[in-house]
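Dumped data.pdb below, it's PDB, C-alpha atoms:
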ATOM      1  CA  MET A   1      -9.699 -28.823   3.394
ATOM      2  CA  ILE A   2      -7.531 -31.591   1.913
ATOM      3  CA  SER A   3      -4.127 -31.785   3.588
ATOM      4  CA  PRO A   4      -1.347 -31.278   1.039
ATOM      5  CA  ASN A   5       2.003 -33.059   1.109
ATOM      6  CA  LEU A   6       4.716 -31.046   2.852
ATOM      7  CA  LEU A   7       8.059 -30.763   1.085
ATOM      8  CA  GLN A   8      10.833 -29.493   3.354
ATOM      9  CA  SER A   9      13.480 -27.499   1.514
ATOM     10  CA  SER A  10      16.902 -26.808   3.003
ATOM     11  CA  THR A  11      17.944 -24.044   0.578
ATOM     12  CA  ALA A  12      16.145 -21.446  -1.498
ATOM     13  CA  ALA A  13      17.453 -23.082  -4.680
ATOM     14  CA  GLU A  14      16.068 -26.436  -3.556
ATOM     15  CA  ALA A  15      12.676 -24.845  -2.914
ATOM     16  CA  ALA A  16      12.706 -23.408  -6.436
ATOM     17  CA  ALA A  17      13.527 -26.846  -7.852
ATOM     18  CA  MET A  18      10.601 -28.384  -5.940
ATOM     19  CA  LEU A  19       8.245 -25.759  -7.363
ATOM     20  CA  ALA A  20       9.526 -26.452 -10.860
ATOM     21  CA  GLU A  21       9.056 -30.200 -10.423
ATOM     22  CA  HIS A  22       5.439 -29.986  -9.247
ATOM     23  CA  GLU A  23       4.463 -26.873 -11.248
ATOM     24  CA  ASP A  24       0.862 -25.716 -10.570
ATOM     25  CA  ASP A  25       0.356 -28.380  -7.894
ATOM     26  CA  ALA A  26       2.807 -26.707  -5.500
ATOM     27  CA  ARG A  27       2.860 -23.525  -3.438
ATOM     28  CA  VAL A  28       5.353 -22.023  -0.986
ATOM     29  CA  ILE A  29       4.524 -21.657   2.698
ATOM     30  CA  ALA A  30       6.432 -19.725   5.350
ATOM     31  CA  GLY A  31       4.340 -18.004   8.026
ATOM     32  CA  GLY A  32       1.116 -19.256   6.449
ATOM     33  CA  THR A  33      -0.998 -16.190   7.264
ATOM     34  CA  ALA A  34      -1.727 -15.581   3.571
ATOM     35  CA  ILE A  35      -1.993 -19.045   2.064
ATOM     36  CA  VAL A  36      -3.748 -20.953   4.866
ATOM     37  CA  PRO A  37      -6.962 -18.834   4.784
ATOM     38  CA  LEU A  38      -7.099 -19.283   0.998
ATOM     39  CA  MET A  39      -6.760 -23.029   1.429
ATOM     40  CA  GLN A  40      -9.420 -23.091   4.125
ATOM     41  CA  GLU A  41     -11.818 -21.361   1.741
ATOM     42  CA  GLU A  42     -10.690 -23.763  -1.029
ATOM     43  CA  LEU A  43      -9.615 -20.872  -3.215
ATOM     44  CA  LEU A  44      -6.266 -22.646  -3.394
ATOM     45  CA  THR A  45      -5.960 -26.432  -3.331
ATOM     46  CA  PRO A  46      -2.271 -27.278  -3.794
ATOM     47  CA  SER A  47      -1.183 -30.893  -3.635
ATOM     48  CA  TYR A  48       2.222 -29.869  -2.277
ATOM     49  CA  LEU A  49       3.425 -27.165   0.082
ATOM     50  CA  VAL A  50       7.117 -26.302  -0.163
ATOM     51  CA  THR A  51       8.084 -25.161   3.322
ATOM     52  CA  LEU A  52      10.810 -22.624   4.005
ATOM     53  CA  TYR A  53      10.951 -23.021   7.785
ATOM     54  CA  LYS A  54      14.437 -24.537   7.857
ATOM     55  CA  VAL A  55      16.043 -22.561   5.045
ATOM     56  CA  PRO A  56      19.011 -20.739   6.631
ATOM     57  CA  GLY A  57      20.127 -17.238   5.800
ATOM     58  CA  LEU A  58      16.759 -15.681   4.923
ATOM     59  CA  ALA A  59      15.998 -13.989   8.260
ATOM     60  CA  TYR A  60      18.142 -10.864   8.432
ATOM     61  CA  ILE A  61      17.940  -7.086   8.345
ATOM     62  CA  HIS A  62      21.125  -5.377   7.175
ATOM     63  CA  HIS A  63      21.940  -1.804   6.302
ATOM     64  CA  GLU A  64      24.593  -1.014   3.704
ATOM     65  CA  PRO A  65      25.727   2.622   4.120
ATOM     66  CA  GLY A  66      24.934   4.658   1.050
ATOM     67  CA  LEU A  67      22.976   1.803  -0.524
ATOM     68  CA  GLY A  68      20.041   0.858   1.668
ATOM     69  CA  LEU A  69      18.300  -1.870   3.637
ATOM     70  CA  ARG A  70      18.343  -5.564   2.826
ATOM     71  CA  ILE A  71      15.557  -7.564   4.457
ATOM     72  CA  GLY A  72      15.438 -11.352   4.193
ATOM     73  CA  ALA A  73      12.228 -13.023   3.059
ATOM     74  CA  LEU A  74      11.732 -14.923   6.325
ATOM     75  CA  VAL A  75      11.886 -11.828   8.543
ATOM     76  CA  SER A  76       8.547 -11.304  10.269
ATOM     77  CA  LEU A  77       6.555  -8.128   9.716
ATOM     78  CA  HIS A  78       6.840  -7.419  13.440
ATOM     79  CA  ASP A  79      10.633  -7.630  13.280
ATOM     80  CA  VAL A  80      10.615  -5.060  10.471
ATOM     81  CA  GLU A  81       8.308  -2.887  12.563
ATOM     82  CA  ILE A  82      10.584  -2.862  15.622
ATOM     83  CA  SER A  83      13.966  -2.974  13.878
ATOM     84  CA  PRO A  84      16.210  -0.036  14.907
ATOM     85  CA  LEU A  85      17.776  -0.110  11.435
ATOM     86  CA  VAL A  86      14.409   0.190   9.696
ATOM     87  CA  ARG A  87      13.237   2.888  12.096
ATOM     88  CA  ARG A  88      16.396   4.875  11.413
ATOM     89  CA  HIS A  89      16.685   4.472   7.645
ATOM     90  CA  ALA A  90      13.082   3.890   6.495
ATOM     91  CA  PRO A  91      10.768   4.956   9.336
ATOM     92  CA  VAL A  92       7.718   5.012   7.062
ATOM     93  CA  LEU A  93       8.198   1.277   6.432
ATOM     94  CA  SER A  94       8.349   0.572  10.171
ATOM     95  CA  TYR A  95       5.177   2.604  10.684
ATOM     96  CA  THR A  96       3.355   0.876   7.822
ATOM     97  CA  MET A  97       4.159  -2.558   9.202
ATOM     98  CA  SER A  98       2.746  -1.478  12.572
ATOM     99  CA  ARG A  99      -0.616  -0.807  10.903
ATOM    100  CA  ILE A 100      -1.030  -4.322   9.510
ATOM    101  CA  ALA A 101      -3.562  -6.623  11.212
ATOM    102  CA  SER A 102      -2.600  -7.434  14.821
ATOM    103  CA  VAL A 103       0.729  -8.021  16.513
ATOM    104  CA  ARG A 104      -0.075 -11.739  16.634
ATOM    105  CA  VAL A 105      -0.401 -11.845  12.849
ATOM    106  CA  ARG A 106       2.659  -9.647  12.300
ATOM    107  CA  THR A 107       4.771 -11.911  14.493
ATOM    108  CA  VAL A 108       4.038 -14.881  12.215
ATOM    109  CA  ALA A 109       3.636 -13.280   8.779
ATOM    110  CA  THR A 110       6.842 -12.976   6.754
ATOM    111  CA  VAL A 111       8.088 -10.291   4.389
ATOM    112  CA  GLY A 112       8.362 -12.730   1.499
ATOM    113  CA  GLY A 113       4.876 -14.119   2.012
ATOM    114  CA  SER A 114       3.366 -10.665   2.344
ATOM    115  CA  LEU A 115       4.937  -9.570  -0.937
ATOM    116  CA  ALA A 116       4.034 -12.725  -2.842
ATOM    117  CA  GLU A 117       0.409 -12.700  -1.670
ATOM    118  CA  ALA A 118      -0.461  -9.839  -4.059
ATOM    119  CA  ASN A 119      -3.670  -8.952  -2.271
ATOM    120  CA  TYR A 120      -4.833  -5.644  -3.729
ATOM    121  CA  ALA A 121      -5.674  -4.329  -0.238
ATOM    122  CA  SER A 122      -2.304  -5.124   1.309
ATOM    123  CA  ASP A 123      -0.693  -2.204   3.160
ATOM    124  CA  PRO A 124       3.039  -2.298   2.265
ATOM    125  CA  TYR A 125       2.897  -2.163  -1.550
ATOM    126  CA  GLY A 126       2.302   1.567  -1.919
ATOM    127  CA  VAL A 127       5.070   2.511   0.502
ATOM    128  CA  LEU A 128       7.525   0.113  -1.122
ATOM    129  CA  ILE A 129       6.764   1.506  -4.577
ATOM    130  CA  ALA A 130       7.210   5.056  -3.299
ATOM    131  CA  LEU A 131      10.545   4.027  -1.762
ATOM    132  CA  ASN A 132      11.629   2.506  -5.096
ATOM    133  CA  ALA A 133      12.106  -0.884  -3.433
ATOM    134  CA  LYS A 134      13.173  -4.020  -5.281
ATOM    135  CA  VAL A 135      12.398  -7.703  -4.826
ATOM    136  CA  ASN A 136      15.209 -10.217  -5.227
ATOM    137  CA  THR A 137      14.180 -13.726  -6.247
ATOM    138  CA  ILE A 138      15.635 -17.115  -7.061
ATOM    139  CA  GLY A 139      14.397 -19.703  -9.553
ATOM    140  CA  ILE A 140      15.792 -22.699 -11.390
ATOM    141  CA  THR A 141      17.535 -20.412 -13.895
ATOM    142  CA  GLY A 142      19.147 -18.281 -11.196
ATOM    143  CA  GLU A 143      18.574 -14.990  -9.426
ATOM    144  CA  ARG A 144      16.911 -11.819 -10.650
ATOM    145  CA  THR A 145      15.713  -8.452  -9.360
ATOM    146  CA  ILE A 146      12.214  -7.057  -9.910
ATOM    147  CA  GLN A 147      11.273  -3.444  -9.298
ATOM    148  CA  MET A 148       8.444  -3.237  -6.780
ATOM    149  CA  ARG A 149       6.434  -1.066  -9.184
ATOM    150  CA  ASP A 150       6.488  -3.983 -11.658
ATOM    151  CA  PHE A 151       5.948  -6.763  -9.127
ATOM    152  CA  ILE A 152       2.159  -6.713  -8.651
ATOM    153  CA  LYS A 153       0.381  -7.763 -11.847
ATOM    154  CA  GLY A 154      -3.159  -8.191 -10.535
ATOM    155  CA  HIS A 155      -5.220  -9.697  -7.752
ATOM    156  CA  TYR A 156      -3.099 -12.574  -6.370
ATOM    157  CA  ARG A 157      -0.797 -12.283  -9.414
ATOM    158  CA  THR A 158       2.835 -11.208  -9.308
ATOM    159  CA  ALA A 159       5.763 -11.073 -11.717
ATOM    160  CA  LEU A 160       7.158 -14.253 -10.120
ATOM    161  CA  GLN A 161       7.665 -17.201 -12.431
ATOM    162  CA  PRO A 162       6.073 -20.480 -11.230
ATOM    163  CA  ASP A 163       9.444 -21.735  -9.953
ATOM    164  CA  GLU A 164      10.564 -18.474  -8.316
ATOM    165  CA  ILE A 165      10.505 -17.509  -4.670
ATOM    166  CA  VAL A 166      11.178 -14.182  -2.965
ATOM    167  CA  VAL A 167      14.479 -14.210  -1.082
ATOM    168  CA  GLU A 168      15.029 -10.538  -0.245
ATOM    169  CA  LEU A 169      13.494  -7.083  -0.153
ATOM    170  CA  PHE A 170      15.864  -4.206  -0.946
ATOM    171  CA  VAL A 171      14.950  -0.649   0.089
ATOM    172  CA  PRO A 172      17.313   2.034  -1.296
ATOM    173  CA  GLU A 173      18.797   4.696   0.944
ATOM    174  CA  VAL A 174      16.537   7.699   1.472
ATOM    175  CA  SER A 175      18.221  11.110   1.367
ATOM    176  CA  ASP A 176      18.005  13.554   4.266
ATOM    177  CA  ASN A 177      15.827  15.963   2.270
ATOM    178  CA  THR A 178      13.232  13.274   1.601
ATOM    179  CA  SER A 179      10.137  12.557   3.679
ATOM    180  CA  ALA A 180       7.507   9.858   3.320
ATOM    181  CA  THR A 181       4.224   8.923   4.927
ATOM    182  CA  TYR A 182       1.422   6.361   4.748
ATOM    183  CA  ILE A 183      -2.204   6.824   5.716
ATOM    184  CA  LYS A 184      -5.201   4.566   5.234
ATOM    185  CA  TYR A 185      -8.911   4.428   5.873
ATOM    186  CA  THR A 186     -10.625   1.294   7.065
ATOM    187  CA  THR A 187     -14.366   0.846   7.280
ATOM    188  CA  HIS A 188     -14.137  -1.221  10.460
ATOM    189  CA  SER A 189     -11.263  -1.548  12.930
ATOM    190  CA  GLN A 190      -7.679  -0.539  12.190
ATOM    191  CA  LYS A 191      -6.831  -4.246  12.084
ATOM    192  CA  GLU A 192      -8.800  -4.563   8.858
ATOM    193  CA  ARG A 193      -7.330  -4.161   5.404
ATOM    194  CA  PRO A 194      -7.848  -0.641   4.081
ATOM    195  CA  ALA A 195     -10.623   0.600   1.827
ATOM    196  CA  VAL A 196      -8.044   3.106   0.552
ATOM    197  CA  GLY A 197      -4.358   3.478   1.368
ATOM    198  CA  VAL A 198      -2.088   6.322   0.229
ATOM    199  CA  ALA A 199       1.709   6.445   0.385
ATOM    200  CA  SER A 200       3.527   9.700  -0.372
ATOM    201  CA  LEU A 201       7.204  10.515  -0.797
ATOM    202  CA  ALA A 202       8.579  14.010  -1.392
ATOM    203  CA  ARG A 203      12.099  15.313  -1.957
ATOM    204  CA  LEU A 204      12.856  19.036  -1.762
ATOM    205  CA  ASP A 205      15.886  20.961  -3.009
ATOM    206  CA  ASP A 206      17.858  23.500  -0.993
ATOM    207  CA  SER A 207      15.426  26.274  -1.936
ATOM    208  CA  GLY A 208      12.454  24.265  -0.698
ATOM    209  CA  ALA A 209      11.116  23.472  -4.187
ATOM    210  CA  CYS A 210       9.897  19.965  -4.941
ATOM    211  CA  GLU A 211      12.383  17.772  -6.821
ATOM    212  CA  GLU A 212      10.294  14.617  -6.593
ATOM    213  CA  LEU A 213       6.788  13.667  -5.522
ATOM    214  CA  LYS A 214       5.373  10.161  -5.533
ATOM    215  CA  VAL A 215       1.810   9.371  -4.500
ATOM    216  CA  VAL A 216       0.724   5.736  -4.654
ATOM    217  CA  VAL A 217      -2.869   4.680  -3.975
ATOM    218  CA  THR A 218      -3.625   1.107  -2.951
ATOM    219  CA  ALA A 219      -6.705  -1.011  -2.159
ATOM    220  CA  VAL A 220      -8.726   0.688  -4.918
ATOM    221  CA  ALA A 221      -7.783  -1.485  -7.915
ATOM    222  CA  GLU A 222      -6.088  -4.787  -8.661
ATOM    223  CA  THR A 223      -2.722  -3.009  -8.805
ATOM    224  CA  PRO A 224      -1.305   0.028  -6.976
ATOM    225  CA  GLN A 225      -2.212   3.270  -8.743
ATOM    226  CA  ASN A 226      -0.376   6.516  -9.412
ATOM    227  CA  VAL A 227      -1.155   9.428 -11.718
ATOM    228  CA  VAL A 228       2.168  10.568 -13.166
ATOM    229  CA  GLU A 229       0.879  13.807 -14.690
ATOM    230  CA  ALA A 230      -0.557  14.823 -11.320
ATOM    231  CA  GLU A 231       2.721  14.071  -9.535
ATOM    232  CA  GLN A 232       4.602  16.171 -12.087
ATOM    233  CA  LEU A 233       2.536  19.255 -11.215
ATOM    234  CA  ALA A 234       4.671  19.548  -8.078
ATOM    235  CA  LEU A 235       8.088  19.485  -9.777
ATOM    236  CA  GLY A 236       9.953  22.746  -9.307
ATOM    237  CA  GLU A 237       7.142  24.198  -7.210
ATOM    238  CA  LYS A 238       7.122  25.250  -3.574
ATOM    239  CA  PRO A 239       4.700  23.018  -1.627
ATOM    240  CA  ALA A 240       1.297  24.615  -1.102
ATOM    241  CA  ILE A 241      -2.127  23.401  -0.072
ATOM    242  CA  SER A 242      -3.659  24.649  -3.332
ATOM    243  CA  LEU A 243      -1.177  22.532  -5.303
ATOM    244  CA  VAL A 244      -1.902  19.429  -3.219
ATOM    245  CA  ARG A 245      -5.654  19.974  -3.693
ATOM    246  CA  GLU A 246      -5.212  20.006  -7.477
ATOM    247  CA  ILE A 247      -3.143  16.817  -7.362
ATOM    248  CA  ALA A 248      -5.785  15.113  -5.204
ATOM    249  CA  LEU A 249      -8.561  16.169  -7.568
ATOM    250  CA  ARG A 250      -6.755  14.684 -10.553
ATOM    251  CA  TYR A 251      -6.198  11.419  -8.709
ATOM    252  CA  SER A 252      -9.905  11.156  -7.887
ATOM    253  CA  GLN A 253     -10.831  11.897 -11.495
ATOM    254  CA  GLN A 254      -8.412   9.511 -13.184
ATOM    255  CA  ILE A 255      -8.450   6.425 -10.939
ATOM    256  CA  GLU A 256     -11.331   4.018 -11.535
ATOM    257  CA  PRO A 257     -11.982   2.424  -8.119
ATOM    258  CA  LEU A 258     -13.369  -1.073  -7.722
ATOM    259  CA  GLU A 259     -16.315  -1.946  -5.498
ATOM    260  CA  ASP A 260     -16.183  -4.590  -2.782
ATOM    261  CA  HIS A 261     -17.432  -5.258   0.753
ATOM    262  CA  ARG A 262     -15.184  -2.492   2.121
ATOM    263  CA  ALA A 263     -16.521   0.381   0.022
ATOM    264  CA  SER A 264     -18.506   1.301  -3.065
ATOM    265  CA  THR A 265     -16.908   2.828  -6.149
ATOM    266  CA  TRP A 266     -18.460   6.220  -5.342
ATOM    267  CA  TYR A 267     -17.245   6.166  -1.730
ATOM    268  CA  ARG A 268     -13.730   5.146  -2.722
ATOM    269  CA  ARG A 269     -13.547   8.009  -5.208
ATOM    270  CA  GLN A 270     -14.375  10.490  -2.419
ATOM    271  CA  LEU A 271     -11.810   8.869  -0.143
ATOM    272  CA  ILE A 272      -9.125   9.026  -2.821
ATOM    273  CA  GLU A 273      -9.490  12.792  -3.093
ATOM    274  CA  VAL A 274      -9.447  13.280   0.679
ATOM    275  CA  LEU A 275      -6.538  10.944   1.427
ATOM    276  CA  VAL A 276      -4.418  12.001  -1.555
ATOM    277  CA  ARG A 277      -4.746  15.514  -0.175
ATOM    278  CA  ARG A 278      -3.956  14.598   3.418
ATOM    279  CA  SER A 279      -1.025  12.287   2.719
ATOM    280  CA  PRO A 280       1.192  14.803   0.849
ATOM    281  CA  GLU A 281       0.126  17.522   3.287
ATOM    282  CA  LYS A 282       1.447  15.384   6.122
ATOM    283  CA  CYS A 283       4.516  14.381   4.127
ATOM    284  CA  LEU A 284       5.328  18.036   3.297
ATOM    285  CA  ASP A 285       4.383  19.268   6.780
ATOM    286  CA  LEU A 286       1.738  21.609   5.411
ATOM    287  CA  GLU A 287      -1.103  22.893   7.537
ATOM    288  CA  GLU A 288      -3.929  20.379   7.278
ATOM    289  CA  SER A 289      -6.734  21.907   5.259
ATOM    290  CA  ASP A 290      -9.550  20.078   6.997
ATOM    291  CA  ARG A 291      -8.839  21.396  10.463
TER
END

Can you present the structure in this file as structure tokens?
Amino acid sequence: MISPNLLQSSTAAEAAAMLAEHEDDARVIAGGTAIVPLMQEELLTPSYLVTLYKVPGLAYIHHEPGLGLRIGALVSLHDVEISPLVRRHAPVLSYTMSRIASVRVRTVATVGGSLAEANYASDPYGVLIALNAKVNTIGITGERTIQMRDFIKGHYRTALQPDEIVVELFVPEVSDNTSATYIKYTTHSQKERPAVGVASLARLDDSGACEELKVVVTAVAETPQNVVEAEQLALGEKPAISLVREIALRYSQQIEPLEDHRASTWYRRQLIEVLVRRSPEKCLDLEESDR
């Protein structure tokens, strides 16, 4: 591996300017858990690494009452996992972070780097889409906000412009009548990336009917997948196992899974049906149908 030149930025705007100056020859590095393995395998060979280690003001977790959580790009995944604010206001996000790799990796890996990696088998994307999260960025033309559902464009491709960096993750407030969950299946240890991951979010009205259902499937295609027409089957309905089974069946029929070393296309399709059934069942506190 050829050692790239390190460019130390002191502000996020300066980092963006460095990226703009060196264009395709430069990449951002923070924790390094995403980019370093790619460089070791020579899948990425940047001439310059723009480091964010000394950029102040990007390592925070704040809660704004009635609005939501603001998480700085340099916060570690482990800090999100153990944060009392995250556990109180978005417990599913805390839980999801706890399922990523090992605590050693989570202590080093950053929120911004995890988002910008755009690995199709990354755990947080489905949960963040279900939570309607947003990514705040900065580039040479200024700041902008990108909806998480629009952020991942493909394998290792995001909506970021070449000169943009992630500065913040925003997670909107979740109402008291909303529940969310994340489950995944790995073919090896739980430290591995998933073969299939499913995030579910449900909001019920005062009568117990479903006002909103989101089911996001990850690790099965280059981008997170949801089947809107299947989600809409639940609107206005009281949660029931038969309804969840129908939603799961439609997901398995309409998603075209990829094949890789974690699972075949056929196996992923079976897993999609099983996990898309189990995730909303858990989210809605229904009796599990496989017991």

query = Which is closest to Val174 in chain A among A:Asn132, A:Ser114, A:Ser200, A:Thr186, if we use all atoms listed in the file?
reply = A:Asn132

Counting only C-alpha atoms, the option among A:Ala248, A:Arg278, A:Ile100, A:Gly68 closest to Glu81 in chain A = A:Ile100

key: Result set of the PyMOL selection byres ((chain A and resi 228-245) around 10) on the coordinates above, as a PyMOL selection string   = chain A and resi 202-205+207-216+225-227+246-251+254+273-274+276-281+284-289

task = Using only C-alpha atoms, pick whichever of A:Leu271, A:Val217, A:Val108, A:Ile165 has the shortest atom-to-atom distance to Met18 in chain A.
result = A:Ile165

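Using only C-alpha atoms, every residue with an atom at most 10 Å from the point (10.0, 0.9, -2.1) is listed here: Ala90, Leu93, Pro124, Tyr125, Gly126, Val127, Leu128, Ile129, Ala130, Leu131, Asn132, Ala133, Lys134, Val135, Gln147, Met148, Arg149, Leu169, Phe170, Val171 and Pro172 of chain A.
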
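Among the candidates A:Ala195, A:Leu58, A:Ile29, A:Ile146, the residue lying nearest to Gly72 in chain A is A:Leu58 (atoms considered: all atoms listed in the file).
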
ask   = Quick one: which residues end up in the PyMOL selection byres ((chain A and resi 25) around 6) for this structure, as a PyMOL selection string?
value = chain A and resi 22-24+26+46-47
